[in-house]
There are 4 protein chains.
Amino acid sequence: MKTFEQLSQELLTRLGRRVRLGIVGGGSDSVIGSIHLLTHRVDGLADLVAGAMSIDPAVAESSAASQLIEPSRRYTDWRIMLESERNREDGIDAVVIATPPQVHAEPTLAFLEAGISVFCEKPLASNLTEAKRVEEAAAQADAVFAVNHCYSGYPMVRHARQLVASGALGEITLVEGEYGVGVGALLREPEPDQPKHWHFRPGPMGKAVVLGELGSHLHHLSEFVTGQHVESVSADLQMVAPGREVYDNAYLNVRYNGGAVGRLWSSYVAAGQEHGLQLRVYGSEASLRWCQESPEQLWVLHPDAGAQLLTRGSSNLSDEARLATRVPAGHPEGYVMAFAVLYREFFHGVLRHLCGEDPSTAIAQLPTSADGVRTLRLIEAAERAHQDGRRVELDSIGMEK
Amino acid sequence: MKTFEQLSQELLTRLGRRVRLGIVGGGSDSVIGSIHLLTHRVDGLADLVAGAMSIDPAVAESSAASQLIEPSRRYTDWRIMLESERNREDGIDAVVIATPPQVHAEPTLAFLEAGISVFCEKPLASNLTEAKRVEEAAAQADAVFAVNHCYSGYPMVRHARQLVASGALGEITLVEGEYGVGVGALLREPEPDQPKHWHFRPGPMGKAVVLGELGSHLHHLSEFVTGQHVESVSADLQMVAPGREVYDNAYLNVRYNGGAVGRLWSSYVAAGQEHGLQLRVYGSEASLRWCQESPEQLWVLHPDAGAQLLTRGSSNLSDEARLATRVPAGHPEGYVMAFAVLYREFFHGVLRHLCGEDPSTAIAQLPTSADGVRTLRLIEAAERAHQDGRRVELDSIGMEK
Amino acid sequence: MKTFEQLSQELLTRLGRRVRLGIVGGGSDSVIGSIHLLTHRVDGLADLVAGAMSIDPAVAESSAASQLIEPSRRYTDWRIMLESERNREDGIDAVVIATPPQVHAEPTLAFLEAGISVFCEKPLASNLTEAKRVEEAAAQADAVFAVNHCYSGYPMVRHARQLVASGALGEITLVEGEYGVGVGALLREPEPDQPKHWHFRPGPMGKAVVLGELGSHLHHLSEFVTGQHVESVSADLQMVAPGREVYDNAYLNVRYNGGAVGRLWSSYVAAGQEHGLQLRVYGSEASLRWCQESPEQLWVLHPDAGAQLLTRGSSNLSDEARLATRVPAGHPEGYVMAFAVLYREFFHGVLRHLCGEDPSTAIAQLPTSADGVRTLRLIEAAERAHQDGRRVELDSIGMEK
Amino acid sequence: MKTFEQLSQELLTRLGRRVRLGIVGGGSDSVIGSIHLLTHRVDGLADLVAGAMSIDPAVAESSAASQLIEPSRRYTDWRIMLESERNREDGIDAVVIATPPQVHAEPTLAFLEAGISVFCEKPLASNLTEAKRVEEAAAQADAVFAVNHCYSGYPMVRHARQLVASGALGEITLVEGEYGVGVGALLREPEPDQPKHWHFRPGPMGKAVVLGELGSHLHHLSEFVTGQHVESVSADLQMVAPGREVYDNAYLNVRYNGGAVGRLWSSYVAAGQEHGLQLRVYGSEASLRWCQESPEQLWVLHPDAGAQLLTRGSSNLSDEARLATRVPAGHPEGYVMAFAVLYREFFHGVLRHLCGEDPSTAIAQLPTSADGVRTLRLIEAAERAHQDGRRVELDSIGMEK
C-alpha cells in the first residue's frame with residue numbers, strides 16, 4: 001500500500017513543480033484564514049502564489065505580502081484575480097474560498113467555470129438554491145472540487161467510518177452528535193456599542209447561523225461515519241444569550257435513511273466548553289465514541305466484553321486510518337494535521353488532474369458538493385420544522401424550485 | 001456543624017434501640033432487593049425484623065431466613081405483615097417497598113395509614129392517579145415518607161445542587177441529562193422461549209417502562225440539581241431492539257419553569273454502556289457535569305478560566321456535600337454509600353419521629369411524594385406528546401380527574 | 001459457583017446467629033475506627049457487642065454507647081475485655097485490632113491465645129521481632145487471623161492478580177507502585193504549638209512511618225498482584241516538609257524473586273493528591289494499571305493491539321473478581337465495599353470455624369501474618385539500605401535474632 | 001504583545017525571502033527525518049534547498065528529489081554540501097542535523113565554523129567530550145545554534161515552566177519524570193536473522209542508548225520546567241528483553257541544585273505504552289502534571305482546593321504559552337505543532353541574524369548546547385553510578401579532561 005504522501009510525491013516529481021494556489025478571503029482578520037495559511041503548507045504540495053485576501057485593500061495587501069506573494073498577484077477583488085490568473089501562463093491551478101458563507105457560491109461557480117479547482121469552506125453556500133447551483137457546476141467542471149468539513153480528516157474518524165462499514169457495530173440504531181461551544185465572545189453578546197461578529201448578525205443565512213457554522217459539521221460527520229443520510233428532522237431552536245438576534249442553540253432530532261434515529265445538538269452557549277464536538281454511534285452489537293478534543297482516541301464499547309480504546313497510529317487500524325496518518329502512534333497529530341489531510345487529498349486530486357489522470361480515487365474521502373447540498377437542505381428543513389412544530393421530510397425541501 | 005451520623009447516634013442512644021424495619025419485596029430474586037438489604041445496614045440505624053419478601057412462599061421464607069428474621073415475622077403477604085406488625089408491641093416502625101411499580105401505591109397507602117413510615121422504590125406509582133393518592137396520604141400520615149431516587153444521595157450531586165442554588169453558574173440555561181444503558185439482557189430481547197423481564201412486558205406501566213425505570217431518575221436528578229421543575233415536554237419514543245413490545249429508547253425535550261431548556265435521554269439500547277447516567281447543567285456564567293460512573297468527581301467549567309475538578313471529601317465543598325460524606329477524600333464512596341445516604345436520612349427522620357420531634361430537617365433532601373407525582377405527570381405527558389407529535393404542558397395532564 | 005454471600009448465609013442460618021465481634025481501638029477520635037464501624041456491618045454477618053475503644057475512658061464509653069454496645073461490655077482496657085469476654089457464655093468470637101501499630105502485636109497475641117479470631121490493622125506490628133511472634137502465634141492458634149491490607153479487597157485487584165497468574169501478561173518484568181498523598185495535615189507540619197499526629201512523631205516505628213502506613217500497602221499490593229515477593233531493596237528516604245522528624249517521602253527500588261524489578265514510592269508530600277495509590281505491572285506481552293481513585297477500572301495495554309478497559313461487574317471477568325462483587329456493573333462500589341470484602345471473608349472464615357469447618361478456603365485471599373512479616377522485613381531492610389547507600393537483601397534482615 | 005508569527009513575518013518581509021535551509025540525514029529511511037520534513041514547512045519561514053539526506057546515494061537522491069530540491073544541491077556527503085553551499089551566493093543560511101547521535105558533533109562543528117546556523121537533533125553528541133567541543137564552538141560561532149528537545153515546544157510545557165518560575169507551586173520538592181515506551185520493535189529483540197535498529201546495537205553511545213534517546217528528553221524537560229539542574233544521580237540500569245545487548249530500562253534517582261529530589265524513568269519495555277512521556281512536579285504549595293499524549297492539558301493540583309485543568313489556548317495562560325500557540329483553544333495542536341515551535345524560534349533567530357539583529361530574544365526558550373552538555377554529563381554519571389552502586393555527583397564527571 002503506497003501512502004498518499006508517496007503517491008503525491010510521485011506526481012510532484014513528474015510535474016516538476018507544486019500546485020499553484022490562490023486564496024479568496026483568509027486575510028489577517030480571519031481566524032479560519034490563519035488555519036488555511038498554516039495547513040496548506042504542511043505537505044509541501046502547493047505554493048500560495050496569488051490572493052484576494054480581503055475586501056479591505058490594506059488588509060489584502062499586507063496579508064498577501066506576509067505570505068511573500070509577489071506584488072502583482074495581490075488582489076482586492078476575486079473577480080480581478082480570476083481574470084488575471086486565467087490569463088497568466090503560470091496562473092493558479094486551484095483556489096481556496098475562505099470567505100463568509102454568503103460569498104462561497106459566486107466565486108466557486110466562477111472559478112470552476114474557468115477550470116480552476118476549488119477548495120471551499122463550509123457551509124457550501126448560504127442557501128439551498130445556491131448550493132444546488134454549485135453542485136451542478138462541480139459536476140460539469142473540468143476541475144476538482146471539495147468542501148472543507150475538516151473533522152472528517154481525522155484518522156480516527158476515518159477508522160470509525162470503516163468500522164461502521166465493516167459491520168462491526170451491527171445495525172446502526174442511534175446517533176448522538178453534539179457540538180457545544182461556550183467561551184469568549186460566542187457565549188455572550190458584545191456590549192451594545194461593540195460590533196457583533198458576523199456569526200451573530202442576522203444576514204444572508206438568516207437566523208440559523210449556529211446550524212451553518214456548527215450543525216453543518218455535525219451533520220456531515222454523522223453521515224460520513226454512519227454512511228447514512230438524514231431524511232427527516234424535528235427541531236427546537238433557541239436564542240439563549242440575552243439580546244441575541246440569531247439562534248445560538250439548536251436541538252435537532254433526526255432520522256437517517258438506514259433506519260437510525262439520532263440527535264444533533266449545536267450550541268454557542270455551552271458555557272465553558274472550548275470545542276465540544278463529539279459523536280457517538282450505537283449499533284445492535286457495539287458502539288463507538290469520538291471527541292474532537294481527544295482526537296487520537298476512538299472508544300469502542302462492546303456489551304459484555306469491555307471497552308476498547310483505539311489510538312491513532314496503532315498497528316491494529318484500518319488502511320483508511322493509516323492513509324490519513326503522518327507521525328507514529330503516541331505523538332498526537334491534532335487539528336492542523338487533520339485539516340491538512342483534506343488539503344493533501346485535494347492537492348493530490350489536483351496533481352492527478354494536472355497530470356491528466358482521473359482524480360476520483362484521490363478525493364474519494366473528501367466532502368462533496370452533494371454533501372454540501374444535503375447540509376443546506378437539512379438547515380432549511382430544520383427551520384421549517386421549528387416554525388411548524390412538526391417533523392419535516394428533507395425530500396420536501398427545495399423541491400418547489 | 002454536627003454530622004448526620006452524630007445526630008442519629010444521639011437519637012439512637014436516647015431511644016436505646018434501632019429503628020425496627022420491615023420490607024415488602026426484595027427477595028432473593030430481586031436485584032434492587034439485594035441493594036436494599038446491603039444499604040439499610042450501613043449506618044447501623046435499623047434492624048430488619050420483618051419481611052414479606054416475595055409472593056412466592058418459598059422465596060419469601062428463605063429470603064427472610066437468610067436475613068435472620070425470626071420465623072414468626074416471615075410473611076408472604078404484605079397485608080398480613082401489616083396486620084400482624086401493627087398489633088405487636090415491638091412491631092415495625094418503618095417499611096421499605098421494594099416491589100415492581102404496580103405494587104408501590106397500595107401497600108404504601110396502607111402502611112402510611114397505619115402510621116408506619118415508608119421508604120418507597122421509584123417510580124412512586126404506576127400511574128398519575130395512584131401517585132396523587134399517595135401524595136395525599138403522605139401529607140396526612142403521622143409517619144415519614146420518601147421515594148428512593150438514590151442518585152440524589154451522592155455527595156457531589158448534593159454539591160451540584162448547592163452550586164446552582166448559590167448562583168455560581170449564573171442563570172441556568174440548558175440541561176443535558178442522559179441515562180443510556182446497553183448491556184446484557186437489557187440490550188436484546190430474549191429468545192422467544194425465554195421469559196421477559198418485567199421491564200420489557202407491557203403491563204401496568206404501559207409501554208413507557210424506560211421512562212419509569214430510567215427517565216424517572218433523570219427527571220428527579222435534573223430537578224433536584226437545578227431547583228426547577230419541568231413544565232412542558234415534547235417526546236420521541238422508540239422500540240429499537242427487534243421484537244420489543246415496549247419503548248426502549250426515549251428522547252424528551254423539556255422546558256423548566258425557571259426558563260431552562262433541556263433534553264432527557266433514556267435508553268436501554270446504548271450498546272456497551274454499563275450505566276450511563278450523566279447530568280450537565282449550563283448557566284450563563286459556568287457549567288457543571290457529573291457522571292454516575294465517576295461519582296466522586298464534579299466538573300465545573302468556567303468560560304475563559306479553565307476547568308475545575310471538585311472531588312468528594314475535599315475541604316472546599318459545601319456543607320450539603322459534607323453531610324452526605326462518610327469517608328475521607330480519595331477513598332471512593334460509590335453507589336452503595338449514596339443509596340445509604342437516603343436510608344440514613346430516612347432513618348434519622350423516623351428516629352426523630354419516634355422521639356417526638358419534627359422530622360422535617362432530617363429529610364429535607366429526600367425525594368418526596370410531590371416529586372414522585374411530577375415524575376408520573378411527566379411520563380404521561382411524554383406519551384401524549386409522542387402520540388400527538390407536539391409539545392405538551394404538564395399542567396394539562398391529570399387535571400381532568 | 002456459589003457467591004461468598006450465599007455461602008456465608010448458609011453458615012449464618014445454620015449457626016442461627018451472627019459472629020460476636022469485639023473491637024480494640026477505633027474510638028470516636030480514630031479515622032480508621034470509623035471505617036471499621038461502617039464496614040463490619042455491611043454484610044450483616046457480625047454484631048459488634050463489645051469494645052475497648054479508647055484508652056481515654058470517656059471516649060471509650062461514648063464510642064461504645066454510640067454503637068449500642070451494652071454498658072457491661074464497654075471496656076477501657078483490652079486486657080479486661082479479654083478476661084471478661086472469655087468468661088461469658090456469649091463472649092466474642094472475634095476481635096478487630098484498630099489501634100496504632102505499636103499496639104498491634106500484644107493484643108493480637110493475647111486474643112489468639114484465647115482462641116479468639118483476630119482481624120488486625122496493618123502494619124502487622126511495629127517491628128520485625130514482634131511480627132514474627134504474631135506469625136508463630138497465628139500458626140498455632142485455634143482461630144482465624146488476617147491483616148487488613150484493605151486494597152486487596154477490590155474486585156479489579158483480584159482480577160489483576162488472576163490476570164498475572166493466568167500468564168496473560170507474559171513474564172512479569174517491571175512493577176511501578178506509588179502511594180503519594182499530599183493534602184491537609186499530611187503535607188505540612190502543624191504550627192509549633194499544635195500537637196502532631198502520631199504519624200509524624202518518631203516513636204515505636206522509628207522514622208519510617210511513611211513506610212509503615214503507605215509503603216506497607218504498596219508492598220502487599222505489589223506482591224498480591226504479581227505473586228512474587230520482594231527479595232532486595234535499595235532506598236532513598238527523605239524528610240521533605242520543613243520541621244519533619246520522620247521520613248515523609250520514600251523511594252524504594254526493589255527486586256522480586258520471580259525476576260521482576262520495580263519501584264515503590266510512598267509519600268506524604270505529593271501536594272494535591274488525595275490518595276494516589278496506583279499499581280502498574282508490566283510483562284513481556286502486556287501490562288496492566290489500576291488506580292485506587294478509579295477502582296472500578298482495570299486497564300490492560302496490549303502492545304500493537306490497543307488498550308482494553310475492564311470494569312467491575314462485567315461479564316468478562318474472572319471468578320475471583322466476581323466473588324468480590326456485590327452490585328451490578330456501572331454502580332461504583334468503592335472503598336467501603338472493598339474493605340468490607342476483607343471483613344466478609346474474615347467473618348466467613350470465623351463462621352466456618354464456629355461451625356467446625358476448615359476456614360482456609362474462605363480466607364484464601366486474605367493477607368496473612370506471613371505477608372505482614374515480609375512487610376516489616378522490607379521496612380527494616382529499606383532503612384538499612386538508605387543508611388548504607390547500598391542494596392540490601394531481605395534475607396539478611398532479622399536473621400541474627 | 002506581538003506574536004512570534006508577526007515578528008517573523010516582519011523580518012521575512014524585510015528580507016524579501018525565506019531562510020535557505022539544508023539538511024543532513026533525514027532521508028526516506030529515517031523516522032525523525034520525515035518529521036523534520038513536515039515541521040520545517042509549517043510556518044513558511046524556510047525553503048529546503050539543499051540536502052545530504054543519506055549516505056546511501058540512491059536514498060540521498062530520491063529523498064532530495066521528493067522535496068523538489070534541485071539536482072545540483074542533492075548531496076551524499078555533508079562535507080561536500082558544506083563546501084558547495086558556502087561558495088554559492090544563494091547558499092544555505094542554516095542546516096538541520098538529523099543523523100544518529102555519533103554523527104551530530106562533527107557536522108555541527110563544521111557548519112558552525114562556516115557561520116551556518118545549526119538545528120541539531122538530540123542528544124547533542126554521543127559523548128561528553130564531543131558535547132563540550134560543540135558547546136565551545138556554539139559560543140564562538142557567528143550563527144544560531146539549538147538542540148531539538150522538541151517536547152519543550154508544547155505550549156503547556158511552556159506554561160508549566162512559567163508556573164514554577166512564578167512561585168505558584170511554592171518550593172519545588174519532588175520531580176517525577178517517566179518516558180516508558182513498549183510497542184512494536186522496541187519491546188522485543190528482532191529474530192536473530194533480522195537486523196537490529198541502531199537503538200539496540202552497542203555502538204558509539206555504548207550501552208546507554210535508552211538514556212540518549214529517552215532519558216535525554218526527560219532530563220531536559222525536567223530542567224526546563226523546574227529551572228533546576230540535576231547535580232547528582234544514582235542509577236539502576238537493566239537489559240530486560242531477552243537477548244538485549246544494551247540497556248532498555250533505566251531508573252535514575254536524581255537531586256537538583258535547587259533542592260528537589262526526583263526520579264527519571266526511561267524504558268523501551270513498558271509494554272503497551274505508545275509514548276508514555278510524563279512529568280509531575282510537586283511543590284510545597286501545589287503540584288502539576290503533564291502527559292505528552294494529552295499535551296493540551298496541564299493539571300494543577302491544589303491541596304485542599306481542588307484540581308484545575310488548564311488547556312492550551314485558554315485566555316488564562318501565560319504569555320509564554322500564548323507565544324507558542326497557533327490555533328484557538330479546543331482545536332488540539334499536538335506534536336507536529338510543538339516541534340514546529342522550535343523550528344519557528346530557530347528560524348526567527350536566523351532571520352534576525354540575517355537582518356543583522358541580535359537573535360537572543362528569539363531563541364531564549366530553545367535548548368542550548370549547555371543543556372546538551374549537561375545531558376551527556378548525566379548519562380555518563382548514571383553509567384558510573386550504576387557500575388559503582390552509589391550516588392555520583394555530576395560535577396565529578398568529565399572534569400579530568
# chains A, B, ... in the order shown; residues from 1 in each chain; ligands from 1
>>> residues_around(residues="segment 62-65 of chain B", least_positions_apart="2", cutoff="10 Å", atoms="only C-alpha atoms", output="count of residues only")
30
>>> residues_around(residues="Glu293 of chain C", least_positions_apart="6", cutoff="12 Å", atoms="only C-alpha atoms", output="list in words")
Ser294, Pro295, Glu296, Gln297, Thr311, Arg312, Pro328, Ala329, Gly330, His331, Pro332, Glu333 and Gly334 of chain B; Tyr151, Tyr154, Tyr179, Gly180, Val181, Gln273, Glu274, His275, Gly276, Leu277, Gln278, Leu279, Pro332, Glu333, Gly334 and Tyr335 of chain C
>>> interface_residues(of="chain A", to="chain C", cutoff="10 Å", atoms="only C-alpha atoms", output="MDAnalysis selection string")
chainID A and resid 299:301 303:317 329
>>> write_last_selection(atoms="all heavy atoms", output="CSV table (one decimal), in the first residue's frame")
chain,number,residue,atom,x,y,z
A,299,TRP,N,-13.1,5.2,21.1
A,299,TRP,CA,-13.6,4.2,22.0
A,299,TRP,C,-14.6,3.3,21.3
A,299,TRP,O,-15.5,3.7,20.6
A,299,TRP,CB,-14.4,4.8,23.2
A,299,TRP,CG,-13.5,5.4,24.2
A,299,TRP,CD1,-13.1,6.7,24.3
A,299,TRP,CD2,-12.9,4.8,25.3
A,299,TRP,NE1,-12.3,6.9,25.4
A,299,TRP,CE2,-12.2,5.7,26.0
A,299,TRP,CE3,-13.0,3.4,25.8
A,299,TRP,CZ2,-11.5,5.4,27.2
A,299,TRP,CZ3,-12.3,3.1,26.9
A,299,TRP,CH2,-11.5,4.1,27.6
A,300,VAL,N,-14.4,2.0,21.5
A,300,VAL,CA,-15.4,1.0,21.0
A,300,VAL,C,-15.9,0.3,22.2
A,300,VAL,O,-15.1,-0.4,22.9
A,300,VAL,CB,-14.8,0.1,20.0
A,300,VAL,CG1,-15.9,-0.8,19.4
A,300,VAL,CG2,-14.2,0.9,18.8
A,301,LEU,N,-17.2,0.3,22.5
A,301,LEU,CA,-17.8,-0.3,23.6
A,301,LEU,C,-18.5,-1.6,23.2
A,301,LEU,O,-19.4,-1.5,22.4
A,301,LEU,CB,-18.8,0.6,24.3
A,301,LEU,CG,-18.3,2.0,24.7
A,301,LEU,CD1,-19.4,2.8,25.5
A,301,LEU,CD2,-17.0,2.0,25.5
A,303,PRO,N,-20.8,-4.6,24.4
A,303,PRO,CA,-21.7,-5.0,25.6
A,303,PRO,C,-21.1,-6.3,26.1
A,303,PRO,O,-20.8,-7.2,25.3
A,303,PRO,CB,-23.0,-5.2,25.0
A,303,PRO,CG,-23.0,-4.6,23.6
A,303,PRO,CD,-21.6,-4.5,23.2
A,304,ASP,N,-20.9,-6.4,27.4
A,304,ASP,CA,-20.4,-7.6,28.0
A,304,ASP,C,-19.0,-8.1,27.6
A,304,ASP,O,-18.6,-9.2,27.9
A,304,ASP,CB,-21.5,-8.8,27.7
A,304,ASP,CG,-22.9,-8.3,28.0
A,304,ASP,OD1,-23.1,-7.7,29.0
A,304,ASP,OD2,-23.8,-8.4,27.1
A,305,ALA,N,-18.3,-7.2,26.9
A,305,ALA,CA,-16.9,-7.6,26.6
A,305,ALA,C,-15.9,-6.5,26.8
A,305,ALA,O,-14.8,-6.5,26.2
A,305,ALA,CB,-16.8,-8.2,25.2
A,306,GLY,N,-16.3,-5.5,27.6
A,306,GLY,CA,-15.3,-4.4,27.9
A,306,GLY,C,-15.2,-3.3,26.9
A,306,GLY,O,-15.8,-3.5,25.8
A,307,ALA,N,-14.5,-2.3,27.2
A,307,ALA,CA,-14.3,-1.2,26.3
A,307,ALA,C,-12.9,-1.3,25.7
A,307,ALA,O,-12.0,-1.7,26.4
A,307,ALA,CB,-14.5,0.1,27.1
A,308,GLN,N,-12.9,-0.9,24.5
A,308,GLN,CA,-11.6,-0.9,23.8
A,308,GLN,C,-11.2,0.5,23.4
A,308,GLN,O,-12.1,1.3,22.9
A,308,GLN,CB,-11.7,-1.8,22.5
A,308,GLN,CG,-10.5,-2.3,21.9
A,308,GLN,CD,-10.7,-3.0,20.6
A,308,GLN,OE1,-11.8,-3.0,20.1
A,308,GLN,NE2,-9.7,-3.6,20.1
A,309,LEU,N,-10.0,0.9,23.7
A,309,LEU,CA,-9.5,2.2,23.3
A,309,LEU,C,-8.5,2.1,22.1
A,309,LEU,O,-7.4,1.6,22.3
A,309,LEU,CB,-8.9,2.9,24.5
A,309,LEU,CG,-8.3,4.3,24.2
A,309,LEU,CD1,-9.4,5.2,23.8
A,309,LEU,CD2,-7.7,4.8,25.5
A,310,LEU,N,-9.0,2.5,21.0
A,310,LEU,CA,-8.1,2.5,19.8
A,310,LEU,C,-7.4,3.8,19.7
A,310,LEU,O,-8.0,4.9,19.9
A,310,LEU,CB,-8.9,2.2,18.6
A,310,LEU,CG,-9.7,0.9,18.6
A,310,LEU,CD1,-10.6,0.8,17.4
A,310,LEU,CD2,-8.8,-0.3,18.6
A,311,THR,N,-6.1,3.8,19.3
A,311,THR,CA,-5.4,5.1,19.2
A,311,THR,C,-4.7,5.2,17.9
A,311,THR,O,-4.2,4.3,17.3
A,311,THR,CB,-4.3,5.2,20.3
A,311,THR,OG1,-3.6,4.0,20.4
A,311,THR,CG2,-5.0,5.5,21.7
A,312,ARG,N,-4.7,6.4,17.4
A,312,ARG,CA,-4.2,6.8,16.1
A,312,ARG,C,-2.7,6.2,16.0
A,312,ARG,O,-1.9,6.4,16.9
A,312,ARG,CB,-4.1,8.3,15.9
A,312,ARG,CG,-3.8,8.7,14.4
A,312,ARG,CD,-3.3,10.1,14.4
A,312,ARG,NE,-2.2,10.3,15.3
A,312,ARG,CZ,-1.0,9.9,15.1
A,312,ARG,NH1,-0.6,9.3,14.0
A,312,ARG,NH2,-0.1,10.1,16.0
A,313,GLY,N,-2.5,5.7,14.9
A,313,GLY,CA,-1.1,5.2,14.6
A,313,GLY,C,-0.8,3.8,15.0
A,313,GLY,O,0.2,3.2,14.7
A,314,SER,N,-1.8,3.2,15.7
A,314,SER,CA,-1.6,1.8,16.2
A,314,SER,C,-1.6,0.9,14.9
A,314,SER,O,-2.2,1.2,13.9
A,314,SER,CB,-2.7,1.4,17.1
A,314,SER,OG,-2.7,2.1,18.3
A,315,SER,N,-1.1,-0.3,15.2
A,315,SER,CA,-0.9,-1.2,14.1
A,315,SER,C,-2.3,-2.0,13.8
A,315,SER,O,-2.4,-2.7,12.8
A,315,SER,CB,0.2,-2.2,14.4
A,315,SER,OG,-0.1,-2.9,15.6
A,316,ASN,N,-3.2,-1.8,14.7
A,316,ASN,CA,-4.5,-2.5,14.5
A,316,ASN,C,-5.6,-1.7,13.9
A,316,ASN,O,-6.8,-2.0,14.0
A,316,ASN,CB,-5.0,-3.1,15.9
A,316,ASN,CG,-5.2,-2.0,16.9
A,316,ASN,OD1,-4.7,-0.9,16.7
A,316,ASN,ND2,-6.0,-2.3,17.9
A,317,LEU,N,-5.2,-0.7,13.1
A,317,LEU,CA,-6.2,0.2,12.5
A,317,LEU,C,-6.4,-0.1,11.0
A,317,LEU,O,-5.5,-0.8,10.4
A,317,LEU,CB,-5.9,1.6,12.7
A,317,LEU,CG,-5.8,2.1,14.1
A,317,LEU,CD1,-5.5,3.6,14.2
A,317,LEU,CD2,-7.0,1.8,14.9
A,329,ALA,N,2.4,6.5,16.3
A,329,ALA,CA,1.5,6.5,17.5
A,329,ALA,C,2.1,7.2,18.7
A,329,ALA,O,3.3,7.1,18.8
A,329,ALA,CB,1.1,5.0,17.8
>>> select_by_dssp(residues="segment 156-242 of chain A", states="strand (DSSP E or B)", output="PyMOL selection string")
chain A and resi 172-180+203+206+230-238
>>> select_by_dssp(residues="segment 129-330 of chain C", states="helix (DSSP H, G or I)", output="count of residues only")
58
>>> residues_around(residues="Val175 of chain B", least_positions_apart="6", cutoff="10 Å", atoms="only C-alpha atoms", output="PyMOL selection string")
(chain A and resi 270) or (chain B and resi 222-223+226+253-256+260-264+279-283+287-289)
>>> write_last_selection(atoms="N, CA, C and O atoms", output="JSON list (two decimals), in the first residue's frame")
[["chain", "number", "residue", "atom", "x", "y", "z"],
["A", 270, "ALA", "N", -22.86, 26.62, 25.44],
["A", 270, "ALA", "CA", -22.49, 25.53, 26.33],
["A", 270, "ALA", "C", -21.32, 26.02, 27.18],
["A", 270, "ALA", "O", -20.16, 25.67, 26.95],
["B", 222, "SER", "N", -32.48, 16.01, 37.50],
["B", 222, "SER", "CA", -32.40, 17.33, 36.86],
["B", 222, "SER", "C", -33.15, 18.37, 37.68],
["B", 222, "SER", "O", -32.72, 19.52, 37.79],
["B", 223, "GLU", "N", -34.27, 18.00, 38.26],
["B", 223, "GLU", "CA", -35.00, 18.95, 39.09],
["B", 223, "GLU", "C", -34.30, 19.19, 40.42],
["B", 223, "GLU", "O", -34.27, 20.30, 40.94],
["B", 226, "THR", "N", -31.16, 21.47, 39.57],
["B", 226, "THR", "CA", -31.44, 22.82, 39.08],
["B", 226, "THR", "C", -32.40, 23.58, 39.98],
["B", 226, "THR", "O", -32.48, 24.81, 39.89],
["B", 253, "ASN", "N", -37.57, 16.39, 25.04],
["B", 253, "ASN", "CA", -37.10, 17.78, 25.08],
["B", 253, "ASN", "C", -38.02, 18.53, 26.03],
["B", 253, "ASN", "O", -39.24, 18.53, 25.84],
["B", 254, "VAL", "N", -37.42, 19.11, 27.04],
["B", 254, "VAL", "CA", -38.24, 19.69, 28.10],
["B", 254, "VAL", "C", -37.95, 21.17, 28.30],
["B", 254, "VAL", "O", -36.90, 21.67, 27.88],
["B", 255, "ARG", "N", -38.91, 21.83, 28.90],
["B", 255, "ARG", "CA", -38.70, 23.21, 29.36],
["B", 255, "ARG", "C", -38.97, 23.25, 30.86],
["B", 255, "ARG", "O", -39.92, 22.62, 31.33],
["B", 256, "TYR", "N", -38.13, 23.99, 31.56],
["B", 256, "TYR", "CA", -38.26, 24.10, 33.02],
["B", 256, "TYR", "C", -38.92, 25.43, 33.38],
["B", 256, "TYR", "O", -38.84, 26.40, 32.62],
["B", 260, "ALA", "N", -35.00, 27.36, 31.87],
["B", 260, "ALA", "CA", -34.04, 26.49, 31.18],
["B", 260, "ALA", "C", -34.75, 25.58, 30.18],
["B", 260, "ALA", "O", -35.92, 25.24, 30.35],
["B", 261, "VAL", "N", -34.03, 25.21, 29.13],
["B", 261, "VAL", "CA", -34.50, 24.16, 28.23],
["B", 261, "VAL", "C", -33.57, 22.96, 28.41],
["B", 261, "VAL", "O", -32.45, 23.10, 28.91],
["B", 262, "GLY", "N", -34.03, 21.81, 28.01],
["B", 262, "GLY", "CA", -33.17, 20.67, 28.23],
["B", 262, "GLY", "C", -33.61, 19.44, 27.48],
["B", 262, "GLY", "O", -34.66, 19.43, 26.81],
["B", 263, "ARG", "N", -32.76, 18.46, 27.53],
["B", 263, "ARG", "CA", -33.04, 17.18, 26.89],
["B", 263, "ARG", "C", -32.77, 16.06, 27.89],
["B", 263, "ARG", "O", -31.76, 16.08, 28.60],
["B", 264, "LEU", "N", -33.65, 15.10, 27.93],
["B", 264, "LEU", "CA", -33.51, 13.95, 28.81],
["B", 264, "LEU", "C", -33.60, 12.70, 27.94],
["B", 264, "LEU", "O", -34.63, 12.45, 27.33],
["B", 279, "LEU", "N", -25.37, 14.03, 34.03],
["B", 279, "LEU", "CA", -26.11, 15.30, 34.02],
["B", 279, "LEU", "C", -25.14, 16.44, 33.76],
["B", 279, "LEU", "O", -24.08, 16.53, 34.40],
["B", 280, "ARG", "N", -25.53, 17.28, 32.82],
["B", 280, "ARG", "CA", -24.79, 18.52, 32.59],
["B", 280, "ARG", "C", -25.75, 19.69, 32.74],
["B", 280, "ARG", "O", -26.87, 19.63, 32.19],
["B", 281, "VAL", "N", -25.34, 20.69, 33.45],
["B", 281, "VAL", "CA", -26.18, 21.88, 33.64],
["B", 281, "VAL", "C", -25.35, 23.09, 33.22],
["B", 281, "VAL", "O", -24.24, 23.29, 33.71],
["B", 282, "TYR", "N", -25.89, 23.84, 32.28],
["B", 282, "TYR", "CA", -25.19, 25.02, 31.75],
["B", 282, "TYR", "C", -25.86, 26.28, 32.26],
["B", 282, "TYR", "O", -27.09, 26.37, 32.29],
["B", 283, "GLY", "N", -25.04, 27.23, 32.64],
["B", 283, "GLY", "CA", -25.58, 28.52, 33.05],
["B", 283, "GLY", "C", -24.94, 29.63, 32.26],
["B", 283, "GLY", "O", -24.06, 29.39, 31.43],
["B", 287, "SER", "N", -20.67, 26.05, 33.80],
["B", 287, "SER", "CA", -21.48, 24.83, 33.68],
["B", 287, "SER", "C", -20.89, 23.76, 34.59],
["B", 287, "SER", "O", -19.76, 23.88, 35.06],
["B", 288, "LEU", "N", -21.69, 22.73, 34.82],
["B", 288, "LEU", "CA", -21.19, 21.61, 35.62],
["B", 288, "LEU", "C", -21.55, 20.32, 34.93],
["B", 288, "LEU", "O", -22.49, 20.25, 34.12],
["B", 289, "ARG", "N", -20.80, 19.29, 35.23],
["B", 289, "ARG", "CA", -21.13, 17.96, 34.72],
["B", 289, "ARG", "C", -20.79, 16.90, 35.76],
["B", 289, "ARG", "O", -19.80, 16.99, 36.47]]
>>> residues_around(residues="Gly398 of chain A", least_positions_apart="3", cutoff="8 Å", atoms="only C-alpha atoms", output="PyMOL selection string")
chain A and resi 128-129+377+395+401
